[in-house]
>>> print(open('input.cif').read())   # mmCIF, C-alpha atoms and all ligand atoms
data_input
loop_
_atom_site.group_PDB
_atom_site.id
_atom_site.type_symbol
_atom_site.label_atom_id
_atom_site.label_comp_id
_atom_site.auth_asym_id
_atom_site.auth_seq_id
_atom_site.Cartn_x
_atom_site.Cartn_y
_atom_site.Cartn_z
ATOM 1 C CA MET M 1 0.000 0.000 0.000
ATOM 2 C CA ARG M 2 1.446 3.323 -1.043
ATOM 3 C CA ILE M 3 0.477 6.492 0.773
ATOM 4 C CA LEU M 4 1.005 10.149 -0.005
ATOM 5 C CA ILE M 5 1.245 12.710 2.781
ATOM 6 C CA VAL M 6 0.785 16.351 1.774
ATOM 7 C CA GLU M 7 1.575 18.463 4.834
ATOM 8 C CA ASP M 8 3.677 21.604 5.212
ATOM 9 C CA GLU M 9 4.360 21.148 8.911
ATOM 10 C CA ILE M 10 7.576 19.215 8.530
ATOM 11 C CA ASP M 11 7.539 17.671 12.020
ATOM 12 C CA ILE M 12 4.042 16.280 11.587
ATOM 13 C CA ALA M 13 4.757 15.033 8.055
ATOM 14 C CA ASP M 14 8.015 13.307 8.928
ATOM 15 C CA THR M 15 6.739 11.757 12.163
ATOM 16 C CA LEU M 16 3.752 10.383 10.301
ATOM 17 C CA LYS M 17 5.937 9.035 7.498
ATOM 18 C CA LEU M 18 8.225 7.199 9.914
ATOM 19 C CA TYR M 19 5.309 5.753 11.812
ATOM 20 C CA LEU M 20 3.497 4.559 8.689
ATOM 21 C CA GLU M 21 6.661 3.046 7.264
ATOM 22 C CA LYS M 22 7.031 1.020 10.455
ATOM 23 C CA GLN M 23 3.550 -0.351 9.757
ATOM 24 C CA GLY M 24 4.757 -1.494 6.356
ATOM 25 C CA TYR M 25 3.358 1.240 4.146
ATOM 26 C CA ALA M 26 5.364 2.840 1.351
ATOM 27 C CA VAL M 27 5.162 6.582 2.008
ATOM 28 C CA ASP M 28 5.881 9.684 -0.070
ATOM 29 C CA VAL M 29 5.795 13.162 1.495
ATOM 30 C CA LYS M 30 5.220 16.502 -0.225
ATOM 31 C CA TYR M 31 5.487 19.702 1.794
ATOM 32 C CA ASP M 32 3.392 22.029 -0.348
ATOM 33 C CA GLY M 33 0.169 21.935 -2.324
ATOM 34 C CA ASN M 34 1.602 22.182 -5.822
ATOM 35 C CA THR M 35 4.077 19.307 -5.563
ATOM 36 C CA GLY M 36 1.428 17.301 -3.699
ATOM 37 C CA PHE M 37 -1.000 17.863 -6.537
ATOM 38 C CA SER M 38 1.630 16.852 -9.130
ATOM 39 C CA ALA M 39 2.424 13.679 -7.190
ATOM 40 C CA LEU M 40 -1.264 12.748 -7.159
ATOM 41 C CA LYS M 41 -1.476 13.217 -10.902
ATOM 42 C CA LEU M 42 1.726 11.278 -11.537
ATOM 43 C CA ASN M 43 1.434 8.301 -9.179
ATOM 44 C CA GLN M 44 -1.307 5.962 -8.126
ATOM 45 C CA TYR M 45 -1.681 6.010 -4.357
ATOM 46 C CA ASP M 46 -3.792 3.773 -2.216
ATOM 47 C CA CYS M 47 -4.476 6.574 0.245
ATOM 48 C CA CYS M 48 -3.715 10.285 0.547
ATOM 49 C CA ILE M 49 -3.392 12.259 3.768
ATOM 50 C CA LEU M 50 -4.030 15.832 2.818
ATOM 51 C CA ASP M 51 -3.556 18.898 4.994
ATOM 52 C CA LEU M 52 -6.109 21.649 4.501
ATOM 53 C CA ASN M 53 -3.916 24.747 4.787
ATOM 54 C CA LEU M 54 -0.935 24.434 2.488
ATOM 55 C CA PRO M 55 1.362 26.808 0.637
ATOM 56 C CA GLY M 56 0.451 26.730 -3.061
ATOM 57 C CA LYS M 57 -2.810 24.930 -3.759
ATOM 58 C CA ASP M 58 -4.696 24.273 -0.537
ATOM 59 C CA GLY M 59 -6.162 20.897 0.401
ATOM 60 C CA MET M 60 -9.660 21.860 -0.697
ATOM 61 C CA GLU M 61 -8.535 22.901 -4.173
ATOM 62 C CA ILE M 62 -6.494 19.722 -4.518
ATOM 63 C CA ILE M 63 -9.319 17.376 -3.564
ATOM 64 C CA GLN M 64 -11.753 19.225 -5.790
ATOM 65 C CA GLU M 65 -9.438 19.172 -8.802
ATOM 66 C CA ILE M 66 -8.363 15.536 -8.547
ATOM 67 C CA ARG M 67 -11.981 14.415 -8.131
ATOM 68 C CA GLU M 68 -12.916 16.397 -11.229
ATOM 69 C CA MET M 69 -10.159 14.514 -13.023
ATOM 70 C CA GLY M 70 -11.764 11.232 -11.959
ATOM 71 C CA ASN M 71 -9.113 10.363 -9.379
ATOM 72 C CA THR M 72 -10.846 8.416 -6.586
ATOM 73 C CA VAL M 73 -7.860 7.908 -4.249
ATOM 74 C CA PRO M 74 -9.193 7.486 -0.673
ATOM 75 C CA THR M 75 -8.342 10.786 1.005
ATOM 76 C CA ILE M 76 -8.183 11.813 4.639
ATOM 77 C CA MET M 77 -8.181 15.561 5.216
ATOM 78 C CA LEU M 78 -6.188 17.032 8.107
ATOM 79 C CA THR M 79 -7.520 20.202 9.676
ATOM 80 C CA ALA M 80 -6.929 22.342 12.723
ATOM 81 C CA ARG M 81 -9.605 22.034 15.369
ATOM 82 C CA SER M 82 -11.027 25.468 14.625
ATOM 83 C CA GLN M 83 -11.788 24.654 11.007
ATOM 84 C CA ILE M 84 -14.911 22.586 11.485
ATOM 85 C CA TYR M 85 -16.811 24.270 8.656
ATOM 86 C CA ASP M 86 -13.954 23.719 6.246
ATOM 87 C CA LYS M 87 -14.104 20.066 7.143
ATOM 88 C CA LEU M 88 -17.687 19.889 6.023
ATOM 89 C CA ASP M 89 -16.656 21.561 2.769
ATOM 90 C CA GLY M 90 -13.985 18.910 2.433
ATOM 91 C CA PHE M 91 -16.628 16.214 2.409
ATOM 92 C CA LYS M 92 -18.643 18.113 -0.138
ATOM 93 C CA TYR M 93 -15.636 18.190 -2.432
ATOM 94 C CA GLY M 94 -14.840 14.553 -2.014
ATOM 95 C CA ALA M 95 -12.681 13.825 1.045
ATOM 96 C CA ASP M 96 -13.438 10.375 2.496
ATOM 97 C CA ASP M 97 -12.625 11.201 6.090
ATOM 98 C CA TYR M 98 -11.035 13.948 8.153
ATOM 99 C CA MET M 99 -8.933 14.240 11.261
ATOM 100 C CA THR M 100 -8.348 17.186 13.532
ATOM 101 C CA LYS M 101 -4.840 18.080 14.633
ATOM 102 C CA PRO M 102 -3.326 17.111 16.991
ATOM 103 C CA PHE M 103 -4.057 13.414 16.477
ATOM 104 C CA HIS M 104 -2.719 10.112 17.761
ATOM 105 C CA LEU M 105 -0.559 8.204 15.315
ATOM 106 C CA ALA M 106 -2.439 4.966 15.982
ATOM 107 C CA GLU M 107 -5.642 6.746 15.037
ATOM 108 C CA VAL M 108 -4.230 7.699 11.653
ATOM 109 C CA VAL M 109 -3.482 4.074 10.881
ATOM 110 C CA ALA M 110 -6.990 3.041 11.910
ATOM 111 C CA ARG M 111 -8.476 5.735 9.661
ATOM 112 C CA ILE M 112 -6.269 4.770 6.737
ATOM 113 C CA GLU M 113 -7.213 1.122 7.069
ATOM 114 C CA ALA M 114 -10.875 2.074 7.279
ATOM 115 C CA VAL M 115 -10.910 4.245 4.143
ATOM 116 C CA ILE M 116 -8.883 1.724 2.150
ATOM 117 C CA ARG M 117 -11.199 -1.065 3.299
ATOM 118 C CA ARG M 118 -14.309 0.911 2.411
ATOM 119 C CA PHE M 119 -12.784 1.692 -0.954
ATOM 120 C CA SER M 120 -11.967 -1.911 -1.777
ATOM 121 C CA GLU M 121 -15.270 -3.191 -0.377
ATOM 122 C CA ASN M 122 -16.883 -0.883 -2.885
ATOM 123 C CA LYS M 123 -14.946 -2.791 -5.485
ATOM 124 C CA SER M 124 -16.192 -6.014 -3.764
ATOM 125 C CA ILE M 125 -12.809 -7.634 -3.305
ATOM 126 C CA HIS M 126 -12.180 -9.978 -0.398
ATOM 127 C CA LEU M 127 -8.915 -11.130 0.994
ATOM 128 C CA GLN M 128 -9.876 -14.716 0.579
ATOM 129 C CA VAL M 129 -8.292 -16.237 -2.466
ATOM 130 C CA ALA M 130 -8.342 -19.868 -3.554
ATOM 131 C CA GLN M 131 -7.592 -21.937 -0.408
ATOM 132 C CA TYR M 132 -5.870 -19.011 1.288
ATOM 133 C CA GLU M 133 -7.210 -16.746 3.972
ATOM 134 C CA VAL M 134 -5.053 -13.644 4.048
ATOM 135 C CA LEU M 135 -4.590 -11.685 7.297
ATOM 136 C CA PRO M 136 -2.783 -8.526 6.152
ATOM 137 C CA HIS M 137 -2.358 -6.947 9.575
ATOM 138 C CA GLN M 138 -0.781 -10.037 11.020
ATOM 139 C CA ASN M 139 1.436 -10.658 7.982
ATOM 140 C CA ARG M 140 -0.020 -14.126 7.933
ATOM 141 C CA VAL M 141 -1.680 -16.427 5.443
ATOM 142 C CA MET M 142 -3.778 -19.402 6.517
ATOM 143 C CA GLU M 143 -3.777 -22.371 4.180
ATOM 144 C CA ASN M 144 -5.993 -25.277 5.207
ATOM 145 C CA GLY M 145 -5.428 -24.468 8.879
ATOM 146 C CA LYS M 146 -1.685 -24.019 8.452
ATOM 147 C CA SER M 147 -0.293 -20.592 9.320
ATOM 148 C CA ILE M 148 2.386 -19.122 7.059
ATOM 149 C CA GLU M 149 4.325 -16.000 8.077
ATOM 150 C CA LEU M 150 5.173 -13.404 5.445
ATOM 151 C CA SER M 151 7.457 -10.402 5.588
ATOM 152 C CA THR M 152 5.707 -7.021 5.466
ATOM 153 C CA LYS M 153 6.716 -6.438 1.846
ATOM 154 C CA GLU M 154 5.616 -9.912 0.779
ATOM 155 C CA MET M 155 2.240 -9.261 2.399
ATOM 156 C CA ARG M 156 1.831 -5.856 0.749
ATOM 157 C CA LEU M 157 2.710 -7.455 -2.571
ATOM 158 C CA LEU M 158 0.221 -10.296 -2.109
ATOM 159 C CA GLU M 159 -2.448 -7.911 -0.890
ATOM 160 C CA TYR M 160 -2.022 -5.729 -3.950
ATOM 161 C CA LEU M 161 -2.247 -8.717 -6.300
ATOM 162 C CA ILE M 162 -5.398 -9.944 -4.560
ATOM 163 C CA ARG M 163 -7.074 -6.560 -4.540
ATOM 164 C CA ASN M 164 -6.388 -6.272 -8.237
ATOM 165 C CA GLN M 165 -7.050 -9.844 -9.251
ATOM 166 C CA ASN M 166 -8.098 -10.918 -12.722
ATOM 167 C CA ARG M 167 -5.808 -8.528 -14.488
ATOM 168 C CA ILE M 168 -2.150 -8.523 -15.420
ATOM 169 C CA ILE M 169 -0.081 -6.242 -13.220
ATOM 170 C CA SER M 170 3.284 -5.070 -14.474
ATOM 171 C CA ALA M 171 6.413 -5.010 -12.335
ATOM 172 C CA GLU M 172 6.383 -1.201 -12.701
ATOM 173 C CA GLU M 173 2.889 -0.988 -11.250
ATOM 174 C CA LEU M 174 3.913 -3.200 -8.347
ATOM 175 C CA LEU M 175 6.947 -1.011 -7.718
ATOM 176 C CA GLU M 176 4.674 2.042 -7.759
ATOM 177 C CA HIS M 177 2.239 0.639 -5.235
ATOM 178 C CA VAL M 178 4.228 -1.543 -2.936
ATOM 179 C CA TRP M 179 7.513 0.329 -2.814
ATOM 180 C CA ASP M 180 8.196 4.074 -2.582
ATOM 181 C CA ASP M 181 10.053 6.716 -4.594
ATOM 182 C CA SER M 182 13.442 5.554 -3.380
ATOM 183 C CA VAL M 183 13.263 2.131 -5.063
ATOM 184 C CA ASP M 184 15.475 1.520 -8.072
ATOM 185 C CA MET M 185 13.006 1.106 -10.948
ATOM 186 C CA PHE M 186 15.428 -1.077 -12.836
ATOM 187 C CA SER M 187 16.182 -3.474 -10.029
ATOM 188 C CA ASP M 188 14.977 -7.064 -9.690
ATOM 189 C CA THR M 189 13.131 -6.215 -6.461
ATOM 190 C CA VAL M 190 9.726 -7.370 -7.673
ATOM 191 C CA LYS M 191 11.041 -10.576 -9.173
ATOM 192 C CA THR M 192 12.935 -11.401 -5.983
ATOM 193 C CA HIS M 193 9.921 -10.802 -3.761
ATOM 194 C CA ILE M 194 7.569 -12.778 -6.011
ATOM 195 C CA LYS M 195 10.057 -15.614 -5.780
ATOM 196 C CA THR M 196 10.214 -15.618 -1.969
ATOM 197 C CA LEU M 197 6.438 -15.220 -1.746
ATOM 198 C CA ARG M 198 5.876 -18.204 -4.031
ATOM 199 C CA LYS M 199 8.376 -20.263 -2.094
ATOM 200 C CA LYS M 200 6.329 -19.684 1.068
ATOM 201 C CA ILE M 201 2.757 -20.046 -0.136
ATOM 202 C CA ASP M 202 2.729 -21.070 -3.767
ATOM 203 C CA PRO M 203 5.604 -23.359 -4.745
ATOM 204 C CA GLN M 204 3.587 -24.886 -7.608
ATOM 205 C CA LYS M 205 2.810 -21.422 -9.053
ATOM 206 C CA GLN M 206 -0.908 -22.169 -8.886
ATOM 207 C CA LEU M 207 -1.878 -18.846 -7.368
ATOM 208 C CA ILE M 208 0.406 -16.147 -8.718
ATOM 209 C CA LYS M 209 0.819 -16.495 -12.447
ATOM 210 C CA THR M 210 3.624 -15.001 -14.494
ATOM 211 C CA VAL M 211 2.478 -13.570 -17.798
ATOM 212 C CA LYS M 212 5.620 -13.559 -19.825
ATOM 213 C CA GLY M 213 6.863 -10.112 -20.775
ATOM 214 C CA LYS M 214 3.837 -8.449 -19.153
ATOM 215 C CA GLY M 215 3.758 -9.051 -15.443
ATOM 216 C CA TYR M 216 1.977 -11.039 -12.789
ATOM 217 C CA GLY M 217 -1.549 -11.749 -11.760
ATOM 218 C CA ILE M 218 -3.939 -13.731 -9.653
ATOM 219 C CA PHE M 219 -6.772 -15.080 -11.752
ATOM 220 C CA SER M 220 -9.796 -16.597 -10.080
ATOM 221 C CA GLU M 221 -11.154 -19.706 -11.719
ATOM 222 C CA THR M 222 -14.471 -19.261 -13.397
HETATM 223 CA CA CA B 301 -0.709 23.330 7.105
#
>>> encode(input="input.cif", output="structure tokens")
Amino acid sequence: MRILIVEDEIDIADTLKLYLEKQGYAVDVKYDGNTGFSALKLNQYDCCILDLNLPGKDGMEIIQEIREMGNTVPTIMLTARSQIYDKLDGFKYGADDYMTKPFHLAEVVARIEAVIRRFSENKSIHLQVAQYEVLPHQNRVMENGKSIELSTKEMRLLEYLIRNQNRIISAEELLEHVWDDSVDMFSDTVKTHIKTLRKKIDPQKQLIKTVKGKGYGIFSET
């Protein structure tokens, strides 16, 4: 899961980034509205945490403009406590949730999980695939009563493939969503992680298919 934080208060932004990275998210940070807006246009995020008052475009303009462009990224708006009416405007323009500053870090994670879950439930995807029950927050997969531990990256990778099943997903797209800006786009990172993931849960390559020259995918049997 890849998250964008747009927040000009550097302390808040960086603390949040560190905390979310510890939870296994890939996190990009932009400290002003214009670069935040560009990042949203350029990359596909699974969630955006958007401050309301920003230098450059403010949070309200950003949410309004990306929604007009058809971008549905689940977005949590950050506001100061005194800006209750702005919050309501935020909803009108398409924010999915809001949080007032100061907030607890654990609460942010809960909110992120909730908006991402709502978003994927809307797309009616479940984290049950073939004989596997996937427990993303425990980094665990259950297969016929047997528990298999995954690393955080392996889980994020699997989760992304499941949430986007029945289509071919390129290595570039996986890098975009599961890793962050600092990953080397020309590395074998995806290949290596697919390999270790298969070794743990799918040695026969029944679940995760390689589509030669195109990417990977999980295809449910029809
Ligand atoms: Ca601000």
>>> resolve_selection(input="input.cif", expression="the PyMOL selection byres (((not hetatm)) within 8 of (chain B and resi 301))", output="list in words")
Glu7, Asp8, Glu9, Asp51, Leu52, Asn53, Leu54, Pro55 and Thr79 of chain M
>>> write_last_selection(input="input.cif", atoms="C-alpha atoms", output="compact mmCIF listing (two decimals), keeping the file's coordinate frame")
# COMPACT_ATOMS: atom_id res chain seq x y z
CA GLU M 7 1.58 18.46 4.83
CA ASP M 8 3.68 21.60 5.21
CA GLU M 9 4.36 21.15 8.91
CA ASP M 51 -3.56 18.90 4.99
CA LEU M 52 -6.11 21.65 4.50
CA ASN M 53 -3.92 24.75 4.79
CA LEU M 54 -0.94 24.43 2.49
CA PRO M 55 1.36 26.81 0.64
CA THR M 79 -7.52 20.20 9.68
>>> atom_distance(input="input.cif", atom1="atom CA of Val115 of chain M", atom2="atom CA of Pro74 of chain M")
6.1 Å
>>> residues_near_point(input="input.cif", point="(4.3, -2.4, 11.7)", cutoff="12 Å", atoms="all atoms listed in the file", output="list in words")
Leu18, Tyr19, Leu20, Glu21, Lys22, Gln23, Gly24, Tyr25, Ala26, Ala106, Val109, Pro136, His137, Gln138, Asn139, Ser151, Thr152, Lys153, Met155 and Arg156 of chain M
>>> write_last_selection(input="input.cif", atoms="C-alpha atoms", output="tab-separated table (two decimals), in the frame of the given file")
chain	number	residue	atom	x	y	z
M	18	LEU	CA	8.22	7.20	9.91
M	19	TYR	CA	5.31	5.75	11.81
M	20	LEU	CA	3.50	4.56	8.69
M	21	GLU	CA	6.66	3.05	7.26
M	22	LYS	CA	7.03	1.02	10.46
M	23	GLN	CA	3.55	-0.35	9.76
M	24	GLY	CA	4.76	-1.49	6.36
M	25	TYR	CA	3.36	1.24	4.15
M	26	ALA	CA	5.36	2.84	1.35
M	106	ALA	CA	-2.44	4.97	15.98
M	109	VAL	CA	-3.48	4.07	10.88
M	136	PRO	CA	-2.78	-8.53	6.15
M	137	HIS	CA	-2.36	-6.95	9.57
M	138	GLN	CA	-0.78	-10.04	11.02
M	139	ASN	CA	1.44	-10.66	7.98
M	151	SER	CA	7.46	-10.40	5.59
M	152	THR	CA	5.71	-7.02	5.47
M	153	LYS	CA	6.72	-6.44	1.85
M	155	MET	CA	2.24	-9.26	2.40
M	156	ARG	CA	1.83	-5.86	0.75
>>> resolve_selection(input="input.cif", expression="the PyMOL selection byres (((chain M and resi 146) around 12) and not hetatm)", output="PyMOL selection string")
chain M and resi 131-134+140-145+147-149+200-201
>>> residues_around(input="input.cif", residues="Gln44 of chain M", least_positions_apart="6", cutoff="8 Å", atoms="all atoms listed in the file", output="list of chain:residue names")
M:Val73, M:Glu176, M:His177
>>> write_last_selection(input="input.cif", atoms="C-alpha atoms", output="compact mmCIF listing (two decimals), in the frame of the given file")
# COMPACT_ATOMS: atom_id res chain seq x y z
CA VAL M 73 -7.86 7.91 -4.25
CA GLU M 176 4.67 2.04 -7.76
CA HIS M 177 2.24 0.64 -5.24
>>> resolve_selection(input="input.cif", expression="the PyMOL selection byres (((chain M and resi 42) around 12) and not hetatm)", output="list in words")
Leu4, Thr35, Gly36, Phe37, Ser38, Ala39, Leu40, Lys41, Asn43, Gln44, Tyr45, Ile66, Asn71, Glu176 and Asp181 of chain M
>>> residues_around(input="input.cif", residues="Ala130 of chain M", least_positions_apart="2", cutoff="10 Å", atoms="all atoms listed in the file", output="list in words")
Leu127, Gln128, Tyr132, Glu133, Glu143, Gln206, Leu207, Ile218, Phe219, Ser220 and Glu221 of chain M
>>> residues_around(input="input.cif", residues="Ala13 of chain M", least_positions_apart="2", cutoff="10 Å", atoms="all atoms listed in the file", output="short mmCIF file (atom, residue, chain, number, x, y, z; two decimals) with C-alpha atoms, in the frame of the given file")
data_model
loop_
_atom_site.label_atom_id
_atom_site.label_comp_id
_atom_site.auth_asym_id
_atom_site.auth_seq_id
_atom_site.Cartn_x
_atom_site.Cartn_y
_atom_site.Cartn_z
CA ILE M 5 1.25 12.71 2.78
CA VAL M 6 0.78 16.35 1.77
CA GLU M 7 1.58 18.46 4.83
CA ASP M 8 3.68 21.60 5.21
CA GLU M 9 4.36 21.15 8.91
CA ILE M 10 7.58 19.22 8.53
CA ASP M 11 7.54 17.67 12.02
CA THR M 15 6.74 11.76 12.16
CA LEU M 16 3.75 10.38 10.30
CA LYS M 17 5.94 9.04 7.50
CA LEU M 18 8.22 7.20 9.91
CA ASP M 28 5.88 9.68 -0.07
CA VAL M 29 5.80 13.16 1.50
CA LYS M 30 5.22 16.50 -0.22
CA TYR M 31 5.49 19.70 1.79
CA ILE M 49 -3.39 12.26 3.77
CA ASP M 51 -3.56 18.90 4.99
#
>>> residues_around(input="input.cif", residues="Ile194 of chain M", least_positions_apart="6", cutoff="9 Å", atoms="all atoms listed in the file", output="PyMOL selection string")
chain M and resi 154+157-158+208+216
>>> atom_distance(input="input.cif", atom1="atom CA of Arg117 of chain M", atom2="atom CA of Gly217 of chain M")
20.8 Å
>>> residues_around(input="input.cif", residues="Glu61 of chain M", least_positions_apart="2", cutoff="12 Å", atoms="all atoms listed in the file", output="PyMOL selection string")
chain M and resi 33-34+36-37+50-59+63-68+77+86+89-90+92-95
>>> closest_residue(input="input.cif", among="M:Thr189, M:Cys48, M:Ile12, M:Met60", to="Phe103 of chain M", atoms="all atoms listed in the file")
M:Ile12
>>> axis_aligned_box(input="input.cif", around="segment 164-181 of chain M", padding_each_side="6 Å", output="JSON")
{"center_x": 1.0, "center_y": -2.1, "center_z": -9.0, "size_x": 30.2, "size_y": 29.6, "size_z": 24.8}
>>> closest_residue(input="input.cif", among="M:Leu161, M:Ala171, M:Ile112, M:Leu105", to="Thr75 of chain M", atoms="all atoms listed in the file")
M:Ile112
>>> atom_distance(input="input.cif", atom1="atom CA of Met1 of chain M", atom2="atom CA of Asp46 of chain M")
5.8 Å
>>> closest_residue(input="input.cif", among="M:Ala110, M:Lys205, M:Leu197, M:Lys214", to="Glu173 of chain M", atoms="all atoms listed in the file")
M:Lys214
>>> decode(input="input.cif", residues="segment 188-196 of chain M", atoms="all heavy atoms", output="short mmCIF file (atom, residue, chain, number, x, y, z; two decimals), in the first residue's frame")
data_model
loop_
_atom_site.label_atom_id
_atom_site.label_comp_id
_atom_site.auth_asym_id
_atom_site.auth_seq_id
_atom_site.Cartn_x
_atom_site.Cartn_y
_atom_site.Cartn_z
N ASP M 188 15.73 -5.81 -9.64
CA ASP M 188 14.98 -7.06 -9.69
C ASP M 188 14.10 -7.24 -8.46
O ASP M 188 13.65 -8.35 -8.17
CB ASP M 188 15.96 -8.24 -9.76
CG ASP M 188 16.29 -8.58 -11.20
OD1 ASP M 188 15.61 -8.03 -12.10
OD2 ASP M 188 17.21 -9.39 -11.42
N THR M 189 13.85 -6.14 -7.74
CA THR M 189 13.13 -6.21 -6.46
C THR M 189 11.83 -7.02 -6.56
O THR M 189 11.58 -7.89 -5.73
CB THR M 189 12.81 -4.80 -5.97
OG1 THR M 189 14.02 -4.06 -5.94
CG2 THR M 189 12.22 -4.81 -4.59
N VAL M 190 11.03 -6.70 -7.57
CA VAL M 190 9.73 -7.37 -7.67
C VAL M 190 9.92 -8.86 -7.90
O VAL M 190 9.33 -9.69 -7.20
CB VAL M 190 8.88 -6.75 -8.82
CG1 VAL M 190 7.64 -7.58 -9.06
CG2 VAL M 190 8.49 -5.31 -8.48
N LYS M 191 10.77 -9.18 -8.84
CA LYS M 191 11.04 -10.58 -9.17
C LYS M 191 11.48 -11.37 -7.93
O LYS M 191 11.00 -12.46 -7.65
CB LYS M 191 12.15 -10.61 -10.23
CG LYS M 191 12.10 -11.77 -11.16
CD LYS M 191 13.11 -11.55 -12.27
CE LYS M 191 13.41 -12.84 -12.99
NZ LYS M 191 14.42 -12.64 -14.05
N THR M 192 12.41 -10.75 -7.19
CA THR M 192 12.94 -11.40 -5.98
C THR M 192 11.83 -11.65 -4.96
O THR M 192 11.76 -12.73 -4.36
CB THR M 192 14.00 -10.50 -5.33
OG1 THR M 192 14.86 -10.01 -6.36
CG2 THR M 192 14.82 -11.25 -4.32
N HIS M 193 10.98 -10.65 -4.77
CA HIS M 193 9.92 -10.80 -3.76
C HIS M 193 8.84 -11.79 -4.22
O HIS M 193 8.29 -12.52 -3.40
CB HIS M 193 9.32 -9.45 -3.41
CG HIS M 193 10.15 -8.66 -2.45
ND1 HIS M 193 11.25 -7.96 -2.85
CD2 HIS M 193 10.06 -8.51 -1.11
CE1 HIS M 193 11.81 -7.39 -1.79
NE2 HIS M 193 11.11 -7.71 -0.72
N ILE M 194 8.53 -11.79 -5.49
CA ILE M 194 7.57 -12.78 -6.01
C ILE M 194 8.13 -14.18 -5.75
O ILE M 194 7.41 -15.09 -5.32
CB ILE M 194 7.34 -12.58 -7.53
CG1 ILE M 194 6.60 -11.27 -7.81
CG2 ILE M 194 6.61 -13.79 -8.13
CD1 ILE M 194 5.10 -11.33 -7.78
N LYS M 195 9.41 -14.31 -5.96
CA LYS M 195 10.06 -15.61 -5.78
C LYS M 195 9.95 -16.10 -4.32
O LYS M 195 9.58 -17.24 -4.07
CB LYS M 195 11.52 -15.49 -6.20
CG LYS M 195 12.17 -16.78 -6.61
CD LYS M 195 13.53 -16.51 -7.24
CE LYS M 195 14.42 -17.73 -7.11
NZ LYS M 195 15.79 -17.45 -7.62
N THR M 196 10.26 -15.19 -3.38
CA THR M 196 10.21 -15.62 -1.97
C THR M 196 8.76 -15.86 -1.52
O THR M 196 8.49 -16.76 -0.74
CB THR M 196 10.89 -14.60 -1.02
OG1 THR M 196 10.25 -13.33 -1.17
CG2 THR M 196 12.36 -14.44 -1.34
#
